[in-house]
Structure formats: C-alpha cells, structure tokens
>>> print(open('structure-v1.pdb').read())   # PDB, C-alpha atoms
ATOM      1  CA  MET B  12      80.421 177.654 124.490
ATOM      2  CA  ILE B  13      81.678 174.291 123.082
ATOM      3  CA  ILE B  14      85.080 174.153 121.519
ATOM      4  CA  SER B  15      85.880 171.144 119.335
ATOM      5  CA  ASN B  16      89.305 169.628 119.439
ATOM      6  CA  PRO B  17      90.637 169.008 115.861
ATOM      7  CA  GLN B  18      93.092 166.384 117.150
ATOM      8  CA  ARG B  19      90.264 164.185 118.460
ATOM      9  CA  SER B  20      88.320 164.202 115.162
ATOM     10  CA  GLY B  21      91.528 163.330 113.273
ATOM     11  CA  TYR B  22      92.117 160.452 115.655
ATOM     12  CA  ALA B  23      88.547 159.159 115.150
ATOM     13  CA  PHE B  24      88.914 159.404 111.372
ATOM     14  CA  LEU B  25      92.235 157.513 111.441
ATOM     15  CA  LEU B  26      90.753 154.805 113.644
ATOM     16  CA  SER B  27      87.743 154.469 111.296
ATOM     17  CA  VAL B  28      90.031 154.105 108.274
ATOM     18  CA  LEU B  29      92.039 151.376 110.045
ATOM     19  CA  VAL B  30      88.911 149.429 111.035
ATOM     20  CA  VAL B  31      87.418 149.636 107.531
ATOM     21  CA  GLY B  32      90.792 148.623 106.044
ATOM     22  CA  ALA B  33      91.050 145.600 108.344
ATOM     23  CA  ILE B  34      87.514 144.474 107.460
ATOM     24  CA  SER B  35      88.234 144.911 103.728
ATOM     25  CA  LEU B  36      91.435 142.895 104.052
ATOM     26  CA  ALA B  37      89.593 140.091 105.855
ATOM     27  CA  ILE B  38      86.873 139.967 103.183
ATOM     28  CA  THR B  39      89.435 139.953 100.353
ATOM     29  CA  THR B  40      91.412 137.161 102.001
ATOM     30  CA  SER B  41      88.255 135.079 102.488
ATOM     31  CA  VAL B  42      87.225 135.486  98.848
ATOM     32  CA  LEU B  43      90.703 134.490  97.645
ATOM     33  CA  LEU B  44      90.757 131.394  99.859
ATOM     34  CA  LEU B  45      87.280 130.359  98.728
ATOM     35  CA  SER B  46      88.154 130.752  95.056
ATOM     36  CA  THR B  47      91.336 128.701  95.524
ATOM     37  CA  SER B  48      89.343 125.972  97.246
ATOM     38  CA  ALA B  49      86.738 125.992  94.463
ATOM     39  CA  ALA B  50      89.468 125.682  91.828
ATOM     40  CA  ARG B  51      90.997 122.698  93.628
ATOM     41  CA  THR B  52      87.617 121.010  93.927
ATOM     42  CA  GLY B  53      86.947 121.565  90.230
ATOM     43  CA  LEU B  54      90.302 120.074  89.297
ATOM     44  CA  ALA B  55      89.693 117.056  91.532
ATOM     45  CA  LEU B  56      86.300 116.463  89.874
ATOM     46  CA  LYS B  57      87.874 116.739  86.426
ATOM     47  CA  HIS B  58      90.614 114.245  87.338
ATOM     48  CA  SER B  59      88.014 111.882  88.795
ATOM     49  CA  SER B  60      85.971 111.947  85.599
ATOM     50  CA  GLU B  61      89.080 111.418  83.465
ATOM     51  CA  SER B  62      90.170 108.507  85.685
ATOM     52  CA  LEU B  63      86.830 106.779  85.157
ATOM     53  CA  SER B  64      87.091 107.296  81.393
ATOM     54  CA  LEU B  65      90.594 105.826  81.437
ATOM     55  CA  ALA B  66      89.423 102.779  83.410
ATOM     56  CA  GLN B  67      86.581 102.255  80.917
ATOM     57  CA  ALA B  68      88.965 102.600  77.967
ATOM     58  CA  CYS B  69      91.233  99.956  79.493
ATOM     59  CA  ALA B  70      88.216  97.718  80.100
ATOM     60  CA  ASP B  71      87.210  97.996  76.432
ATOM     61  CA  HIS B  72      90.788  97.283  75.361
ATOM     62  CA  ALA B  73      90.962  94.240  77.646
ATOM     63  CA  LEU B  74      87.626  92.868  76.414
ATOM     64  CA  LEU B  75      88.697  93.214  72.780
ATOM     65  CA  SER B  76      92.069  91.598  73.520
ATOM     66  CA  LEU B  77      90.444  88.773  75.469
ATOM     67  CA  ARG B  78      87.876  88.125  72.740
ATOM     68  CA  SER B  79      90.541  87.918  70.030
ATOM     69  CA  ASN B  80      92.914  85.855  72.198
ATOM     70  CA  SER B  81      91.484  83.776  75.051
ATOM     71  CA  ASN B  82      95.011  83.447  76.481
ATOM     72  CA  TYR B  83      95.271  87.218  77.028
ATOM     73  CA  SER B  84      96.567  87.632  80.582
ATOM     74  CA  GLY B  85      96.306  91.374  81.119
ATOM     75  CA  ASN B  86      99.085  92.853  83.241
ATOM     76  CA  GLU B  87      99.579  95.892  81.062
ATOM     77  CA  ILE B  88      99.677  99.635  81.576
ATOM     78  CA  LEU B  89      98.435 101.960  78.844
ATOM     79  CA  THR B  90      99.197 105.678  78.638
ATOM     80  CA  ILE B  91      96.304 107.663  77.215
ATOM     81  CA  GLY B  92      96.598 111.440  77.088
ATOM     82  CA  ASN B  93      97.719 112.745  80.477
ATOM     83  CA  GLY B  94      96.737 109.627  82.394
ATOM     84  CA  THR B  95      97.355 105.929  82.579
ATOM     85  CA  CYS B  96      95.223 102.875  82.974
ATOM     86  CA  GLU B  97      96.145  99.412  84.076
ATOM     87  CA  VAL B  98      94.652  96.049  83.194
ATOM     88  CA  LEU B  99      95.246  93.690  86.089
ATOM     89  CA  THR B 100      95.706  89.935  85.698
ATOM     90  CA  VAL B 101      92.705  88.449  83.909
ATOM     91  CA  GLY B 102      90.996  85.777  86.003
ATOM     92  CA  GLY B 103      89.752  82.455  84.699
ATOM     93  CA  THR B 104      90.594  80.439  81.597
ATOM     94  CA  GLY B 105      88.928  79.504  78.362
ATOM     95  CA  ASN B 106      85.696  80.857  76.940
ATOM     96  CA  GLU B 107      83.652  81.184  80.135
ATOM     97  CA  ASN B 108      83.681  82.805  83.573
ATOM     98  CA  ARG B 109      86.422  85.391  83.145
ATOM     99  CA  THR B 110      87.177  88.364  85.391
ATOM    100  CA  LEU B 111      88.620  91.697  84.269
ATOM    101  CA  CYS B 112      89.761  94.504  86.546
ATOM    102  CA  THR B 113      91.033  97.873  85.363
ATOM    103  CA  GLU B 114      92.217 101.007  87.093
ATOM    104  CA  GLY B 115      92.412 104.511  85.627
ATOM    105  CA  LEU B 116      94.839 107.040  87.093
ATOM    106  CA  ARG B 117      94.843 110.799  86.509
ATOM    107  CA  GLY B 118      96.789 112.958  88.908
ATOM    108  CA  ASP B 119      96.207 111.655  92.429
ATOM    109  CA  THR B 120      92.839 110.168  91.531
ATOM    110  CA  ALA B 121      92.203 106.480  90.815
ATOM    111  CA  ARG B 122      88.957 104.834  89.672
ATOM    112  CA  ARG B 123      88.476 101.067  89.390
ATOM    113  CA  ILE B 124      86.196  98.873  87.297
ATOM    114  CA  GLU B 125      85.468  95.195  87.861
ATOM    115  CA  ILE B 126      83.909  93.129  85.055
ATOM    116  CA  LEU B 127      82.543  89.601  85.267
ATOM    117  CA  VAL B 128      82.288  87.937  81.854
ATOM    118  CA  THR B 129      80.086  84.843  81.529
ATOM    119  CA  ARG B 130      81.017  83.974  77.937
ATOM    120  CA  LEU B 131      83.402  85.323  75.287
ATOM    121  CA  LEU B 132      82.272  83.536  72.115
ATOM    122  CA  PRO B 133      80.185  83.630  69.955
ATOM    123  CA  SER B 134      79.340  86.952  71.597
ATOM    124  CA  VAL B 135      80.575  88.527  74.797
ATOM    125  CA  THR B 136      78.128  88.128  77.683
ATOM    126  CA  ILE B 137      78.821  90.367  80.671
ATOM    127  CA  THR B 138      77.251  89.511  84.020
ATOM    128  CA  SER B 139      78.504  92.558  85.884
ATOM    129  CA  TRP B 140      80.305  95.806  84.978
ATOM    130  CA  GLN B 141      80.659  98.029  88.017
ATOM    131  CA  GLU B 142      82.877 100.640  89.538
ATOM    132  CA  VAL B 143      84.360  99.529  92.857
ATOM    133  CA  THR B 144      86.414 101.203  95.558
ATOM    134  CA  ASP B 145      88.473  98.045  96.140
ATOM    135  CA  PHE B 146      88.799  94.992  93.924
ATOM    136  CA  VAL B 147      86.979  91.932  95.246
ATOM    137  CA  SER B 148      86.962  89.506  92.318
ATOM    138  CA  CYS B 149      90.493  90.384  91.243
ATOM    139  CA  SER B 150      92.317  89.865  94.515
ATOM    140  CA  TYR B 151      94.197  86.766  93.427
TER     141      TYR B 151
END
>>> encode(input="structure-v1.pdb", output="structure tokens")
Amino acid sequence: MIISNPQRSGYAFLLSVLVVGAISLAITTSVLLLSTSAARTGLALKHSSESLSLAQACADHALLSLRSNSNYSGNEILTIGNGTCEVLTVGGTGNENRTLCTEGLRGDTARRIEILVTRLLPSVTITSWQEVTDFVSCSY
C-alpha cells in the first residue's frame, strides 16, 4: 500500500510556481529592454535624417546668399525647427572656385555637407556636393 504525502506535492507545486514565475519575469524583462533599445535606435535614425535635412537647408541658404553676394563669408548658425545648422567660412573669392561646408545638428547627431562650386554666375555650377564625416576642403 502506497501512501502519498500531501506536504511533498505542495512543495513540488510551490517550486513549480516559483520556476515558472522566474522564467516569466526574465522574458518580460528581456522584451522591455529590447523595446527600449528599439525606441532609442528609431530616435537616433530620426535625428540623423533631420540633421542631414538641416545641413542641406543650410547649404541651399549659403548658395543663395553666395550667388546674390559674392562677398558672403558664411560663419552663421541658423535655427530651424528643433535643430540648428551652421554655415562654416566660405572658401575662395570672386565668381569661381568656391567652397561651402555646412553642418546640421539635431540632438546628439551631426551630419556634414561639403560643396565645391566651380562658378556662381551666370548660373551656379557645382562640381561636388557630398556628405562627409570630416571636412577636408573646409579645414582652413
């Protein structure tokens, strides 16, 4: 004759509940950490895109200013929306061989554009318009 001990089955049930609870807690914590990481990555991508747009807006502003006034020197910071962009010192003089560099900032993210202009008048001729990690032509 086998007699079951009710204290042992209660102990096994309690241990099972604790193990399942610990596993559930670990899964919940992992999902919360992953969603937080995904949200941060999404925000960083958004700021990066906005920084590039700001740098391009500053580049357009600088080109228009330079075309209307060949003595335009740059060195200005524009606030657009929640970000800023900066036009660095414009390189060169006169109507030909000018260099423009702009930087857009949104949050902790910065994007930079370097533009080489061959001629301003009668129409603007751009040799190169590229995004760079560090300025090469504007390091004067």
>>> axis_aligned_box(input="structure-v1.pdb", around="segment 69-84 of chain B", padding_each_side="4 Å", output="JSON")
{"center_x": 91.9, "center_y": 91.7, "center_z": 75.3, "size_x": 17.4, "size_y": 24.5, "size_z": 18.6}
>>> closest_residue(input="structure-v1.pdb", among="B:Ile88, B:Leu56, B:Tyr83, B:Ala66", to="Gln141 of chain B", atoms="only C-alpha atoms")
B:Ala66
>>> residues_around(input="structure-v1.pdb", residues="Ser79 of chain B", least_positions_apart="2", cutoff="12 Å", atoms="all atoms listed in the file", output="PyMOL selection string")
chain B and resi 72-77+81-83+105-106+131-135
>>> write_last_selection(input="structure-v1.pdb", atoms="C-alpha atoms", output="PDB file, keeping the file's coordinate frame")
ATOM      1  CA  HIS B  72      90.788  97.283  75.361  1.00  0.00           C
ATOM      2  CA  ALA B  73      90.962  94.240  77.646  1.00  0.00           C
ATOM      3  CA  LEU B  74      87.626  92.868  76.414  1.00  0.00           C
ATOM      4  CA  LEU B  75      88.697  93.214  72.780  1.00  0.00           C
ATOM      5  CA  SER B  76      92.069  91.598  73.520  1.00  0.00           C
ATOM      6  CA  LEU B  77      90.444  88.773  75.469  1.00  0.00           C
ATOM      7  CA  SER B  81      91.484  83.776  75.051  1.00  0.00           C
ATOM      8  CA  ASN B  82      95.011  83.447  76.481  1.00  0.00           C
ATOM      9  CA  TYR B  83      95.271  87.218  77.028  1.00  0.00           C
ATOM     10  CA  GLY B 105      88.928  79.504  78.362  1.00  0.00           C
ATOM     11  CA  ASN B 106      85.696  80.857  76.940  1.00  0.00           C
ATOM     12  CA  LEU B 131      83.402  85.323  75.287  1.00  0.00           C
ATOM     13  CA  LEU B 132      82.272  83.536  72.115  1.00  0.00           C
ATOM     14  CA  PRO B 133      80.185  83.630  69.955  1.00  0.00           C
ATOM     15  CA  SER B 134      79.340  86.952  71.597  1.00  0.00           C
ATOM     16  CA  VAL B 135      80.575  88.527  74.797  1.00  0.00           C
TER      17      VAL B 135
END
>>> resolve_selection(input="structure-v1.pdb", expression="the PyMOL selection byres ((chain B and resi 142-147) around 6)", output="PyMOL selection string")
chain B and resi 123-124+141+148-150
>>> atom_distance(input="structure-v1.pdb", atom1="atom CA of Arg109 of chain B", atom2="atom CA of Cys96 of chain B")
19.6 Å
>>> resolve_selection(input="structure-v1.pdb", expression="the PyMOL selection byres ((chain B and resi 92) around 12)", output="list of chain:residue names")
B:Glu61, B:Ser62, B:Ser64, B:Leu65, B:Ala68, B:Leu89, B:Thr90, B:Ile91, B:Asn93, B:Gly94, B:Thr95, B:Cys96, B:Gly115, B:Leu116, B:Arg117, B:Gly118
>>> residues_around(input="structure-v1.pdb", residues="Leu111 of chain B", least_positions_apart="4", cutoff="7 Å", atoms="all atoms listed in the file", output="MDAnalysis selection string")
chainID B and resid 101:102 125:127
>>> atom_distance(input="structure-v1.pdb", atom1="atom CA of Glu97 of chain B", atom2="atom CA of Gly85 of chain B")
8.6 Å
>>> atom_distance(input="structure-v1.pdb", atom1="atom CA of Val98 of chain B", atom2="atom CA of Asp71 of chain B")
10.2 Å
>>> closest_residue(input="structure-v1.pdb", among="B:Leu99, B:Leu54, B:Glu107, B:Glu87", to="Ile137 of chain B", atoms="only C-alpha atoms")
B:Glu107
>>> closest_atom_pairs(input="structure-v1.pdb", of="segment 58-108 of chain B", to="segment 50-53 of chain B", cutoff="12 Å", atoms="all atoms listed in the file", output="JSON lines")
{"residue": "B:His58", "atom": "CA", "partner": "B:Gly53", "partner_atom": "CA", "distance": 8.7}
{"residue": "B:Ser59", "atom": "CA", "partner": "B:Gly53", "partner_atom": "CA", "distance": 9.8}
{"residue": "B:Ser60", "atom": "CA", "partner": "B:Gly53", "partner_atom": "CA", "distance": 10.7}
>>> closest_residue(input="structure-v1.pdb", among="B:Val30, B:Thr104, B:Ala121, B:Thr110", to="Thr138 of chain B", atoms="all atoms listed in the file")
B:Thr110
